[in-house]
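Here's query.cif, which has mmCIF, C-alpha atoms:
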data_protein
loop_
_atom_site.label_atom_id
_atom_site.label_comp_id
_atom_site.auth_asym_id
_atom_site.auth_seq_id
_atom_site.Cartn_x
_atom_site.Cartn_y
_atom_site.Cartn_z
CA MET A 1 29.19 4.60 20.59
CA ASP A 2 25.43 5.25 21.00
CA LEU A 3 22.77 3.31 19.10
CA LYS A 4 22.19 6.04 16.52
CA GLN A 5 25.84 6.11 15.52
CA SER A 6 26.02 2.32 15.56
CA ILE A 7 23.01 2.12 13.24
CA LYS A 8 24.46 4.71 10.85
CA GLN A 9 27.80 2.92 10.79
CA LEU A 10 26.23 -0.47 10.09
CA THR A 11 23.93 1.01 7.44
CA LYS A 12 26.95 2.32 5.54
CA LYS A 13 28.71 -1.01 6.00
CA TYR A 14 25.85 -3.07 4.55
CA TYR A 15 24.64 -0.51 2.01
CA PRO A 16 26.33 -2.20 -1.01
CA GLU A 17 24.66 -5.51 -0.18
CA ILE A 18 21.29 -3.82 0.36
CA ILE A 19 21.55 -2.41 -3.17
CA GLU A 20 22.37 -5.89 -4.51
CA VAL A 21 19.32 -7.30 -2.73
CA ARG A 22 17.06 -4.59 -4.11
CA ARG A 23 18.35 -5.16 -7.65
CA HIS A 24 17.87 -8.92 -7.42
CA ILE A 25 14.26 -8.51 -6.27
CA HIS A 26 13.64 -5.82 -8.89
CA GLU A 27 15.01 -7.94 -11.71
CA ASN A 28 12.91 -10.93 -10.66
CA PRO A 29 9.44 -9.51 -9.86
CA GLU A 30 6.42 -11.66 -9.12
CA LEU A 31 2.74 -10.79 -9.07
CA SER A 32 0.51 -10.72 -5.99
CA PHE A 33 0.24 -14.03 -4.13
CA GLN A 34 2.76 -15.57 -6.55
CA GLU A 35 5.93 -14.34 -4.79
CA PHE A 36 7.38 -17.85 -4.42
CA ASN A 37 10.95 -17.14 -5.58
CA THR A 38 11.01 -13.79 -3.79
CA SER A 39 9.97 -15.54 -0.59
CA LYS A 40 12.66 -18.21 -1.00
CA TYR A 41 15.26 -15.50 -1.58
CA ILE A 42 14.23 -13.57 1.54
CA CYS A 43 14.26 -16.77 3.62
CA ALA A 44 17.77 -17.53 2.37
CA LYS A 45 18.90 -14.08 3.46
CA LEU A 46 17.35 -14.50 6.91
CA ASP A 47 19.15 -17.84 7.21
CA GLU A 48 22.39 -16.13 6.23
CA TYR A 49 21.86 -13.48 8.92
CA GLY A 50 20.97 -16.08 11.55
CA ILE A 51 17.45 -14.73 12.04
CA PRO A 52 14.74 -17.32 12.80
CA TYR A 53 11.45 -17.11 10.92
CA LYS A 54 8.29 -18.92 9.94
CA GLY A 55 7.17 -18.94 6.32
CA GLY A 56 4.18 -20.16 4.37
CA TYR A 57 1.63 -17.60 5.54
CA VAL A 58 -0.77 -17.13 2.63
CA LYS A 59 1.73 -19.42 0.83
CA THR A 60 4.55 -16.87 0.53
CA GLY A 61 4.38 -14.63 3.62
CA ILE A 62 7.16 -14.67 6.21
CA VAL A 63 7.45 -13.50 9.81
CA GLY A 64 10.98 -13.24 11.21
CA VAL A 65 11.78 -12.80 14.89
CA ILE A 66 14.66 -10.93 16.52
CA LYS A 67 14.82 -11.12 20.30
CA GLY A 68 16.80 -8.58 22.27
CA LYS A 69 17.37 -8.65 25.99
CA ASN A 70 14.19 -9.15 28.03
CA PRO A 71 12.22 -10.13 24.88
CA ASP A 72 8.82 -10.06 26.59
CA LYS A 73 9.11 -6.39 27.51
CA LYS A 74 7.63 -5.07 24.26
CA VAL A 75 7.02 -6.31 20.71
CA ILE A 76 7.28 -4.15 17.59
CA ALA A 77 6.55 -5.41 14.08
CA LEU A 78 8.14 -3.98 10.94
CA ARG A 79 6.33 -4.59 7.66
CA ALA A 80 7.41 -4.78 4.01
CA ASP A 81 5.41 -5.94 0.98
CA MET A 82 6.87 -8.19 -1.74
CA ASP A 83 4.57 -8.20 -4.79
CA ALA A 84 4.98 -6.48 -8.15
CA LEU A 85 2.54 -5.12 -10.75
CA PRO A 86 1.45 -6.30 -14.24
CA ILE A 87 3.39 -3.56 -16.07
CA ASN A 88 5.99 -3.70 -18.83
CA GLU A 89 9.02 -1.81 -17.57
CA SER A 90 10.55 0.98 -19.62
CA GLU A 91 13.70 -0.01 -21.50
CA ASP A 92 15.23 3.27 -20.37
CA ASN A 93 15.61 1.99 -16.80
CA GLN A 94 19.12 0.80 -16.08
CA VAL A 95 17.97 -1.90 -13.64
CA ARG A 96 15.09 -3.71 -15.35
CA SER A 97 12.72 -6.59 -14.84
CA ARG A 98 13.61 -9.89 -16.49
CA ASN A 99 9.99 -11.04 -16.33
CA LYS A 100 8.10 -9.56 -19.25
CA GLY A 101 4.92 -7.82 -18.23
CA VAL A 102 5.79 -7.76 -14.52
CA MET A 103 7.51 -4.85 -12.75
CA HIS A 104 8.21 -3.47 -9.30
CA ALA A 105 6.57 -0.16 -10.15
CA CYS A 106 5.50 0.66 -6.59
CA GLY A 107 8.78 0.22 -4.71
CA HIS A 108 8.04 -3.07 -2.98
CA ASP A 109 11.50 -4.28 -4.00
CA ALA A 110 12.94 -1.36 -2.03
CA HIS A 111 10.63 -2.07 0.91
CA SER A 112 11.74 -5.71 1.14
CA ALA A 113 15.42 -4.90 0.66
CA SER A 114 15.17 -2.17 3.29
CA LEU A 115 13.57 -4.50 5.83
CA LEU A 116 16.27 -7.10 5.26
CA GLY A 117 18.90 -4.44 5.86
CA THR A 118 17.10 -3.19 8.97
CA ALA A 119 16.80 -6.77 10.23
CA ARG A 120 20.50 -7.40 9.83
CA ILE A 121 21.38 -4.26 11.77
CA LEU A 122 18.93 -4.93 14.60
CA ASN A 123 20.10 -8.52 14.86
CA GLU A 124 23.71 -7.43 15.13
CA LEU A 125 22.81 -4.96 17.88
CA LYS A 126 20.37 -7.20 19.79
CA GLU A 127 22.51 -7.27 22.93
CA GLN A 128 22.05 -3.50 23.18
CA TRP A 129 18.25 -3.28 23.23
CA GLU A 130 15.29 -4.85 25.01
CA GLY A 131 12.17 -6.37 23.51
CA THR A 132 11.27 -8.31 20.37
CA VAL A 133 11.13 -7.21 16.74
CA LEU A 134 8.92 -9.05 14.24
CA LEU A 135 9.72 -8.84 10.53
CA ILE A 136 6.64 -9.06 8.31
CA PHE A 137 7.36 -9.86 4.66
CA GLN A 138 3.87 -9.65 3.22
CA PRO A 139 2.44 -10.90 -0.08
CA GLY A 140 -0.36 -9.44 -2.13
CA GLU A 141 -0.58 -5.78 -1.17
CA GLU A 142 -1.64 -4.88 -4.71
CA SER A 143 -4.57 -7.31 -4.96
CA PHE A 144 -7.79 -7.74 -2.99
CA PRO A 145 -8.43 -8.95 -0.37
CA GLY A 146 -4.87 -7.95 0.55
CA GLY A 147 -2.06 -9.95 2.13
CA ALA A 148 -2.24 -8.00 5.39
CA LYS A 149 -5.80 -9.16 6.07
CA LEU A 150 -5.05 -12.77 5.11
CA MET A 151 -1.83 -13.00 7.15
CA MET A 152 -3.65 -11.80 10.26
CA GLU A 153 -6.46 -14.26 9.63
CA GLU A 154 -3.90 -17.08 9.45
CA GLY A 155 -2.50 -16.06 12.84
CA ALA A 156 0.82 -14.67 11.63
CA LEU A 157 0.80 -12.05 14.39
CA ASP A 158 -0.82 -14.06 17.18
CA ASN A 159 2.29 -15.28 18.98
CA PRO A 160 3.70 -12.94 19.96
CA LYS A 161 1.24 -10.16 19.31
CA PRO A 162 2.86 -6.84 18.40
CA ASP A 163 2.31 -3.76 20.53
CA ILE A 164 3.05 -1.52 17.53
CA ILE A 165 3.42 -2.02 13.77
CA ILE A 166 5.59 0.22 11.58
CA GLY A 167 5.48 0.46 7.80
CA GLN A 168 7.17 2.66 5.21
CA HIS A 169 6.63 3.42 1.51
CA VAL A 170 8.56 5.11 -1.27
CA LEU A 171 7.51 8.58 -2.44
CA PRO A 172 8.88 9.72 -5.84
CA ASP A 173 7.86 13.35 -5.34
CA MET A 174 9.99 13.71 -2.21
CA ALA A 175 13.73 14.36 -2.24
CA THR A 176 15.95 11.42 -1.39
CA GLY A 177 17.07 11.58 2.23
CA HIS A 178 13.80 13.14 3.37
CA VAL A 179 10.80 11.49 5.06
CA GLY A 180 7.20 12.41 5.84
CA PHE A 181 4.65 11.55 8.55
CA LYS A 182 0.92 12.16 9.08
CA GLU A 183 -0.91 11.60 12.36
CA GLY A 184 -4.47 10.28 12.23
CA MET A 185 -6.22 9.40 8.97
CA TYR A 186 -3.61 9.31 6.24
CA MET A 187 -4.74 7.13 3.31
CA ALA A 188 -8.23 6.50 2.00
CA SER A 189 -10.30 3.36 1.93
CA GLY A 190 -10.59 1.83 -1.54
CA ASP A 191 -13.69 -0.04 -2.72
CA GLU A 192 -14.42 -1.36 -6.21
CA VAL A 193 -17.78 -0.33 -7.68
CA TYR A 194 -19.40 -2.35 -10.50
CA LEU A 195 -22.66 -1.33 -12.20
CA THR A 196 -24.57 -3.30 -14.84
CA VAL A 197 -27.33 -1.42 -16.66
CA SER A 198 -29.77 -3.74 -18.46
CA GLY A 199 -32.65 -3.02 -20.82
CA LYS A 200 -34.06 -3.75 -24.26
CA GLY A 201 -31.49 -3.22 -27.00
CA GLY A 202 -32.12 -2.66 -30.67
CA HIS A 203 -31.62 -0.51 -33.75
CA ALA A 204 -30.17 2.89 -32.88
CA ALA A 205 -32.32 4.51 -35.57
CA MET A 206 -35.48 3.46 -33.73
CA PRO A 207 -34.90 4.59 -30.12
CA HIS A 208 -38.65 4.60 -29.39
CA THR A 209 -38.66 0.80 -29.65
CA LEU A 210 -35.90 0.13 -27.14
CA THR A 211 -34.34 1.10 -23.83
CA ASP A 212 -31.26 3.24 -24.43
CA THR A 213 -28.89 1.60 -21.97
CA VAL A 214 -25.97 3.81 -23.07
CA LEU A 215 -27.88 7.01 -22.36
CA ILE A 216 -29.15 5.61 -19.06
CA ALA A 217 -25.62 4.57 -18.03
CA SER A 218 -24.47 8.12 -18.77
CA HIS A 219 -27.21 9.57 -16.61
CA ILE A 220 -26.27 7.22 -13.77
CA ILE A 221 -22.61 8.26 -13.91
CA VAL A 222 -23.57 11.94 -13.81
CA ALA A 223 -26.14 11.42 -11.05
CA LEU A 224 -23.64 9.58 -8.88
CA GLN A 225 -21.41 12.65 -8.79
CA GLN A 226 -23.84 14.10 -6.23
CA VAL A 227 -22.58 11.42 -3.84
CA VAL A 228 -19.41 13.47 -3.45
CA SER A 229 -20.73 16.98 -4.12
CA ARG A 230 -24.06 16.92 -2.27
CA ILE A 231 -24.32 13.93 0.09
CA VAL A 232 -20.96 13.64 1.84
CA PRO A 233 -20.10 16.42 4.32
CA ALA A 234 -17.67 18.84 2.73
CA ASN A 235 -15.02 18.19 5.38
CA ILE A 236 -14.76 14.46 4.57
CA PRO A 237 -12.41 13.85 1.61
CA THR A 238 -14.19 11.53 -0.84
CA VAL A 239 -13.64 10.42 -4.43
CA LEU A 240 -15.99 8.43 -6.68
CA SER A 241 -14.47 7.85 -10.12
CA PHE A 242 -15.44 5.59 -13.00
CA GLY A 243 -12.65 4.46 -15.29
CA LYS A 244 -14.26 1.69 -17.30
CA VAL A 245 -17.44 1.70 -19.41
CA ILE A 246 -18.25 -1.18 -21.74
CA ALA A 247 -21.16 -0.67 -24.12
CA ASN A 248 -20.60 -3.42 -26.64
CA GLY A 249 -22.92 -2.15 -29.34
CA ALA A 250 -22.09 -0.46 -32.63
CA THR A 251 -22.75 2.79 -34.49
CA ASN A 252 -26.30 1.64 -35.15
CA ILE A 253 -26.84 -0.83 -32.29
CA ILE A 254 -27.90 -0.02 -28.73
CA PRO A 255 -26.71 -2.93 -26.53
CA GLU A 256 -28.89 -4.71 -24.00
CA LYS A 257 -26.23 -4.26 -21.33
CA VAL A 258 -23.71 -1.60 -20.31
CA GLU A 259 -21.05 -2.36 -17.70
CA ILE A 260 -19.42 0.36 -15.59
CA ALA A 261 -16.53 0.00 -13.14
CA GLY A 262 -15.01 2.51 -10.76
CA THR A 263 -13.58 3.19 -7.34
CA LEU A 264 -14.92 4.74 -4.14
CA ARG A 265 -12.40 6.40 -1.82
CA THR A 266 -13.08 8.12 1.48
CA MET A 267 -11.34 9.01 4.74
CA ASN A 268 -14.26 8.15 7.01
CA GLU A 269 -15.30 4.55 7.75
CA GLU A 270 -18.81 5.52 8.92
CA TRP A 271 -19.56 7.45 5.73
CA ARG A 272 -17.94 4.72 3.68
CA GLY A 273 -20.83 2.43 4.64
CA LYS A 274 -23.49 5.09 4.08
CA LEU A 275 -22.15 5.94 0.63
CA LYS A 276 -22.42 2.36 -0.57
CA VAL A 277 -26.13 2.42 0.24
CA GLN A 278 -26.56 5.75 -1.57
CA ILE A 279 -24.74 4.51 -4.68
CA GLN A 280 -27.04 1.51 -4.91
CA LYS A 281 -30.15 3.63 -4.36
CA ILE A 282 -29.29 6.35 -6.88
CA ALA A 283 -28.20 3.91 -9.59
CA ALA A 284 -31.31 1.75 -9.22
CA GLU A 285 -33.71 4.70 -9.13
CA VAL A 286 -32.21 6.48 -12.14
CA ALA A 287 -32.31 3.27 -14.16
CA ALA A 288 -35.89 2.52 -13.13
CA SER A 289 -37.07 6.05 -13.99
CA MET A 290 -35.85 5.47 -17.55
CA GLY A 291 -37.19 1.96 -18.00
CA ALA A 292 -34.07 -0.07 -17.21
CA THR A 293 -32.54 -1.92 -14.28
CA CYS A 294 -29.14 -1.45 -12.68
CA LYS A 295 -27.38 -4.15 -10.70
CA VAL A 296 -24.82 -2.76 -8.26
CA MET A 297 -21.95 -4.74 -6.80
CA ILE A 298 -19.44 -3.09 -4.44
CA ASN A 299 -16.40 -5.10 -3.42
CA ASP A 300 -15.07 -4.05 -0.04
CA GLY A 301 -11.49 -2.92 -0.47
CA TYR A 302 -8.86 -1.72 1.94
CA PRO A 303 -9.85 0.33 5.00
CA VAL A 304 -8.58 3.79 5.89
CA VAL A 305 -4.93 3.90 7.00
CA THR A 306 -5.05 5.59 10.40
CA ASN A 307 -1.75 6.44 12.08
CA GLU A 308 -2.00 6.35 15.87
CA ALA A 309 -1.19 9.84 17.11
CA LYS A 310 1.24 9.08 19.94
CA VAL A 311 3.15 6.40 18.03
CA THR A 312 3.44 8.66 14.99
CA ALA A 313 4.57 11.64 17.10
CA ARG A 314 7.33 9.52 18.66
CA ALA A 315 8.39 8.23 15.26
CA PHE A 316 8.41 11.80 13.91
CA GLU A 317 10.67 12.95 16.76
CA ALA A 318 12.94 9.93 16.28
CA ALA A 319 13.28 10.76 12.59
CA GLN A 320 14.23 14.35 13.43
CA LYS A 321 16.96 13.11 15.76
CA TYR A 322 18.24 10.63 13.18
CA LEU A 323 18.05 12.74 10.01
CA GLY A 324 17.82 16.33 11.24
CA GLN A 325 14.68 18.48 11.47
CA GLU A 326 15.07 19.90 7.97
CA ARG A 327 14.65 16.43 6.43
CA VAL A 328 11.48 15.42 8.28
CA HIS A 329 8.11 16.72 7.08
CA LYS A 330 4.43 16.61 7.97
CA MET A 331 2.38 15.04 5.19
CA ASP A 332 -1.11 15.73 3.91
CA ILE A 333 -3.74 13.04 3.35
CA ARG A 334 -3.58 10.79 0.26
CA MET A 335 -6.60 9.35 -1.53
CA THR A 336 -4.62 6.30 -2.61
CA ALA A 337 -5.25 3.09 -0.66
CA GLU A 338 -3.03 0.57 1.15
CA ASP A 339 -3.80 -2.74 2.82
CA PHE A 340 -1.67 -1.54 5.74
CA GLY A 341 -5.03 -0.12 6.82
CA TYR A 342 -5.98 -3.57 8.13
CA TYR A 343 -3.08 -3.43 10.60
CA THR A 344 -4.14 0.03 11.75
CA GLN A 345 -7.62 -1.27 12.58
CA THR A 346 -6.16 -3.72 15.10
CA TYR A 347 -2.86 -2.30 16.35
CA PRO A 348 -1.31 1.11 17.11
CA CYS A 349 0.59 1.83 13.89
CA THR A 350 2.48 4.38 11.91
CA PHE A 351 2.93 4.33 8.13
CA TYR A 352 5.35 6.90 6.73
CA ARG A 353 7.04 7.85 3.46
CA PHE A 354 10.66 8.10 2.41
CA GLY A 355 11.75 10.13 -0.60
CA VAL A 356 13.24 8.39 -3.64
CA LYS A 357 13.47 11.28 -6.10
CA GLN A 358 16.34 11.17 -8.57
CA PRO A 359 18.69 14.10 -9.24
CA GLU A 360 17.27 16.69 -11.64
CA ASP A 361 19.03 15.16 -14.65
CA VAL A 362 17.58 11.67 -14.07
CA HIS A 363 13.96 10.64 -14.60
CA THR A 364 12.19 9.29 -11.50
CA GLY A 365 8.77 8.48 -12.92
CA GLY A 366 5.56 7.97 -11.03
CA LEU A 367 4.26 5.05 -9.01
CA HIS A 368 2.50 2.37 -11.08
CA THR A 369 4.10 3.60 -14.33
CA PRO A 370 6.57 1.81 -16.65
CA GLY A 371 9.17 4.52 -16.06
CA PHE A 372 9.26 4.41 -12.26
CA ASN A 373 12.95 4.58 -11.37
CA LEU A 374 13.79 5.20 -7.71
CA ASN A 375 17.03 6.66 -6.42
CA GLU A 376 18.83 3.73 -4.79
CA SER A 377 20.69 5.98 -2.36
CA SER A 378 17.32 6.42 -0.63
CA LEU A 379 17.78 2.94 0.85
CA GLU A 380 20.43 4.26 3.19
CA THR A 381 17.71 6.42 4.73
CA SER A 382 14.98 3.77 4.74
CA VAL A 383 17.15 1.08 6.35
CA GLY A 384 18.77 3.11 9.10
CA LEU A 385 15.72 5.17 9.99
CA MET A 386 13.42 2.17 10.40
CA ALA A 387 15.97 0.52 12.70
CA TYR A 388 16.27 3.69 14.78
CA ILE A 389 12.50 4.27 15.01
CA ALA A 390 12.00 0.66 16.09
CA LEU A 391 14.51 0.98 18.92
CA ILE A 392 13.14 4.34 20.07
CA LEU A 393 9.62 2.90 20.22
CA LEU A 394 10.87 -0.18 22.05
CA GLU A 395 12.32 2.10 24.70
CA GLY A 396 9.08 4.02 25.23
CA SER A 397 5.98 3.01 27.16
CA ASN A 398 2.73 1.92 25.53
CA GLU A 399 0.87 4.91 26.97
#
Translate this structure into C-alpha cells?
Amino acid sequence: MDLKQSIKQLTKKYYPEIIEVRRHIHENPELSFQEFNTSKYICAKLDEYGIPYKGGYVKTGIVGVIKGKNPDKKVIALRADMDALPINESEDNQVRSRNKGVMHACGHDAHSASLLGTARILNELKEQWEGTVLLIFQPGEESFPGGAKLMMEEGALDNPKPDIIIGQHVLPDMATGHVGFKEGMYMASGDEVYLTVSGKGGHAAMPHTLTDTVLIASHIIVALQQVVSRIVPANIPTVLSFGKVIANGATNIIPEKVEIAGTLRTMNEEWRGKLKVQIQKIAAEVAASMGATCKVMINDGYPVVTNEAKVTARAFEAAQKYLGQERVHKMDIRMTAEDFGYYTQTYPCTFYRFGVKQPEDVHTGGLHTPGFNLNESSLETSVGLMAYIALILLEGSNE
C-alpha cells in the first residue's frame, strides 16, 4: 500500500477520535495566551500517541517532534493555533462552548484537532518516510503581538530549524472536501490605528467660542480616505477603515477630546511603512488647520502572509493528487490578517484553506460570529491532506 492510501486508511480509522478531540476543545475554549487547559489536553494526547514534545513556550505553546528515518535530511513544521474569541456562542449550535463569553468562532479547535490527527498518522508511518516533522501548537493568534512572533523569539523553532512551515485554516464559504491555495501575497498586514483629536470644548450653541473636535474628527476621517484612493498605487490592495469613534459630549456639549480607532490593511510591506507616515501627516495637518491637535498612535500588527511560490505549487499539486483536481482551487487575496505572516517572513511557507461549509439545510455562519458552525466531516480532509502534503514536501528538494 502506498503512502497516500495508508494516510487515507488511517484518517478514516482515527476520524471518530478526531471529532471527539475537536468537540472537547470547542466545548472548553480559552482566550489568547490563556490556553492552559487546552495546552494540557494537547500534551496528554501527544503523550498518548508516544510523540515527544516541549511545552511552555509563551506559557502555553507546544512543539512536538516526529522523527522519521534519516531525521536530519529535512525538517518540516506543521502549525495549528489554539486560542478562542470573546464571543457568546449561539444556542442553536449543537456543539457549544461551556465557557460563557468565550467561543471557538474562527476554527482553531478544528486546526488543533486536525494537527493532532495528522501527528498520529505521521507518527504511525514514521518508518516509511525520511526527515523530521515539527508540530507547532501556537497560542495567541487572535491577539497582538501574536503567538507566532513570541514563540520564534523564545527559540521554539531554533533546534531544529524548519526548512518549510505549513499552515491551514477553515473557510466557511468553501464546500467541505475542497481546499484552496494562493501563491505569493495572500493575506494582508493588519495594523491598529488610534487617533486622539484635542481642542477647546464648550457649549454647542456657541461654536465660535470653542474648537469643534467632533467636526474636526469627521474631517480627518474623510481626509484619510485619500490614503487609499489617491496615495497608494491602484494595483496595491489597501484598506483603511475606522470602526470606533468616541465623542463623549452631549446634545449641547462639544467635548475636549474625540477618540478614533481603526485598522490599516495592505498587501505591500514597503507601502505599509509609507502609509503610516501619511496617516500621521494628514491627521495632524487637518487638525492644525482647524485649530486642534491630533495625536496618532499606530500599533504594528501582523505582517503580510506571503506563500513561497515553489512550496505552494508543490502543495497544490499534492492536494490534487490526494483529493482530485476538481476539489483543489486557486484562491484570491484576502484583506484579513494572520500572525502566520511572521513565519512567512523567515521561512518558506504555505498557508492554505480547507472548506467547512455545511449542507444547504444547515447553517454554517461566518468566522468571528456567534453562529459559526463548521461541518465536522471537513476534518477528514484537513487531517489527511496535511499529512500527505508534509510527506510530499519532505521528499522534494529545497530548490
Counting all atoms listed in the file, give me one row per residue of region 158-255 of chain A with an atom at most 9 Å from an atom of region 301-314 of chain A, showing the shortest contact pair and its distance in Å to one decimal, sorted by chain then residue number, as a Markdown table.
| residue | atom | partner | partner_atom | distance |
| --- | --- | --- | --- | --- |
| A:Ile164 | CA | A:Val311 | CA | 7.9 |
| A:Phe181 | CA | A:Thr312 | CA | 7.2 |
| A:Lys182 | CA | A:Asn307 | CA | 7.0 |
| A:Glu183 | CA | A:Ala309 | CA | 5.1 |
| A:Gly184 | CA | A:Asn307 | CA | 4.7 |
| A:Met185 | CA | A:Thr306 | CA | 4.2 |
| A:Tyr186 | CA | A:Val305 | CA | 5.6 |
| A:Met187 | CA | A:Val305 | CA | 4.9 |
| A:Ala188 | CA | A:Val304 | CA | 4.8 |
| A:Ser189 | CA | A:Pro303 | CA | 4.3 |
| A:Gly190 | CA | A:Gly301 | CA | 5.0 |
| A:Asp191 | CA | A:Gly301 | CA | 4.3 |
| A:Glu192 | CA | A:Gly301 | CA | 6.6 |
**OP:** Would you mind reading off the distance between CA of Arg98 (chain A) and CA of Asn28 (chain A), one decimal, in Å?
**Re:** 6.0 Å
Original post:
Selected by the PyMOL selection byres ((chain A and resi 144-154) around 8) in the shown coordinates: which residues, as a list in words?
Top reply: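 Given this file, the PyMOL selection byres ((chain A and resi 144-154) around 8) evaluates to Phe33, Tyr57, Val58, Gly61, Gln138, Pro139, Gly140, Glu141, Glu142, Ser143, Gly155, Ala156, Leu157, Asp158, Gly301, Tyr302, Asp339, Phe340, Tyr342 and Tyr343 of chain A.
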Original post:
So which residues fall inside 10 Å of (-23.8, 5.3, -37.0) if we count all atoms listed in the file? Mind giving them as a PyMOL selection string?
Top reply: chain A and resi 204-205+250-253
**OP:** Report the distance between CA of Phe351 (chain A) and CA of Leu78 (chain A) in Å, rounded to one decimal place.
**Re:** 10.2 Å
Could you model N, CA and C atoms for region 108-126 of chain A and present them as a PDB file, keeping the file's coordinate frame?
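Final output, result-v5.pdb:
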ATOM      1  N   HIS A 108       8.046  -1.976  -3.949  1.00  0.00           N
ATOM      2  CA  HIS A 108       8.040  -3.070  -2.980  1.00  0.00           C
ATOM      3  C   HIS A 108       9.382  -3.791  -2.925  1.00  0.00           C
ATOM      4  N   ASP A 109      10.140  -3.733  -4.012  1.00  0.00           N
ATOM      5  CA  ASP A 109      11.500  -4.280  -4.000  1.00  0.00           C
ATOM      6  C   ASP A 109      12.362  -3.511  -3.003  1.00  0.00           C
ATOM      7  N   ALA A 110      12.192  -2.190  -2.981  1.00  0.00           N
ATOM      8  CA  ALA A 110      12.940  -1.360  -2.030  1.00  0.00           C
ATOM      9  C   ALA A 110      12.459  -1.596  -0.602  1.00  0.00           C
ATOM     10  N   HIS A 111      11.159  -1.809  -0.433  1.00  0.00           N
ATOM     11  CA  HIS A 111      10.630  -2.070   0.910  1.00  0.00           C
ATOM     12  C   HIS A 111      11.209  -3.361   1.480  1.00  0.00           C
ATOM     13  N   SER A 112      11.224  -4.422   0.663  1.00  0.00           N
ATOM     14  CA  SER A 112      11.740  -5.710   1.140  1.00  0.00           C
ATOM     15  C   SER A 112      13.238  -5.658   1.390  1.00  0.00           C
ATOM     16  N   ALA A 113      13.979  -5.035   0.471  1.00  0.00           N
ATOM     17  CA  ALA A 113      15.420  -4.900   0.660  1.00  0.00           C
ATOM     18  C   ALA A 113      15.739  -4.079   1.901  1.00  0.00           C
ATOM     19  N   SER A 114      14.954  -3.019   2.116  1.00  0.00           N
ATOM     20  CA  SER A 114      15.170  -2.170   3.290  1.00  0.00           C
ATOM     21  C   SER A 114      14.933  -2.957   4.580  1.00  0.00           C
ATOM     22  N   LEU A 115      13.864  -3.740   4.613  1.00  0.00           N
ATOM     23  CA  LEU A 115      13.570  -4.500   5.830  1.00  0.00           C
ATOM     24  C   LEU A 115      14.638  -5.545   6.103  1.00  0.00           C
ATOM     25  N   LEU A 116      15.166  -6.153   5.058  1.00  0.00           N
ATOM     26  CA  LEU A 116      16.270  -7.100   5.260  1.00  0.00           C
ATOM     27  C   LEU A 116      17.485  -6.387   5.838  1.00  0.00           C
ATOM     28  N   GLY A 117      17.784  -5.203   5.319  1.00  0.00           N
ATOM     29  CA  GLY A 117      18.900  -4.440   5.860  1.00  0.00           C
ATOM     30  C   GLY A 117      18.671  -4.027   7.303  1.00  0.00           C
ATOM     31  N   THR A 118      17.457  -3.556   7.599  1.00  0.00           N
ATOM     32  CA  THR A 118      17.100  -3.190   8.970  1.00  0.00           C
ATOM     33  C   THR A 118      17.222  -4.393   9.892  1.00  0.00           C
ATOM     34  N   ALA A 119      16.743  -5.540   9.426  1.00  0.00           N
ATOM     35  CA  ALA A 119      16.800  -6.770  10.230  1.00  0.00           C
ATOM     36  C   ALA A 119      18.234  -7.145  10.566  1.00  0.00           C
ATOM     37  N   ARG A 120      19.096  -7.034   9.595  1.00  0.00           N
ATOM     38  CA  ARG A 120      20.500  -7.400   9.830  1.00  0.00           C
ATOM     39  C   ARG A 120      21.132  -6.490  10.880  1.00  0.00           C
ATOM     40  N   ILE A 121      20.830  -5.213  10.803  1.00  0.00           N
ATOM     41  CA  ILE A 121      21.380  -4.260  11.770  1.00  0.00           C
ATOM     42  C   ILE A 121      20.850  -4.528  13.166  1.00  0.00           C
ATOM     43  N   LEU A 122      19.526  -4.690  13.283  1.00  0.00           N
ATOM     44  CA  LEU A 122      18.930  -4.930  14.600  1.00  0.00           C
ATOM     45  C   LEU A 122      19.420  -6.240  15.201  1.00  0.00           C
ATOM     46  N   ASN A 123      19.608  -7.233  14.365  1.00  0.00           N
ATOM     47  CA  ASN A 123      20.100  -8.520  14.860  1.00  0.00           C
ATOM     48  C   ASN A 123      21.525  -8.403  15.377  1.00  0.00           C
ATOM     49  N   GLU A 124      22.328  -7.603  14.701  1.00  0.00           N
ATOM     50  CA  GLU A 124      23.710  -7.430  15.130  1.00  0.00           C
ATOM     51  C   GLU A 124      23.806  -6.642  16.430  1.00  0.00           C
ATOM     52  N   LEU A 125      22.795  -5.798  16.679  1.00  0.00           N
ATOM     53  CA  LEU A 125      22.810  -4.960  17.880  1.00  0.00           C
ATOM     54  C   LEU A 125      21.912  -5.492  18.998  1.00  0.00           C
ATOM     55  N   LYS A 126      21.427  -6.720  18.883  1.00  0.00           N
ATOM     56  CA  LYS A 126      20.370  -7.200  19.790  1.00  0.00           C
ATOM     57  C   LYS A 126      20.788  -7.294  21.249  1.00  0.00           C
TER      58      LYS A 126
END
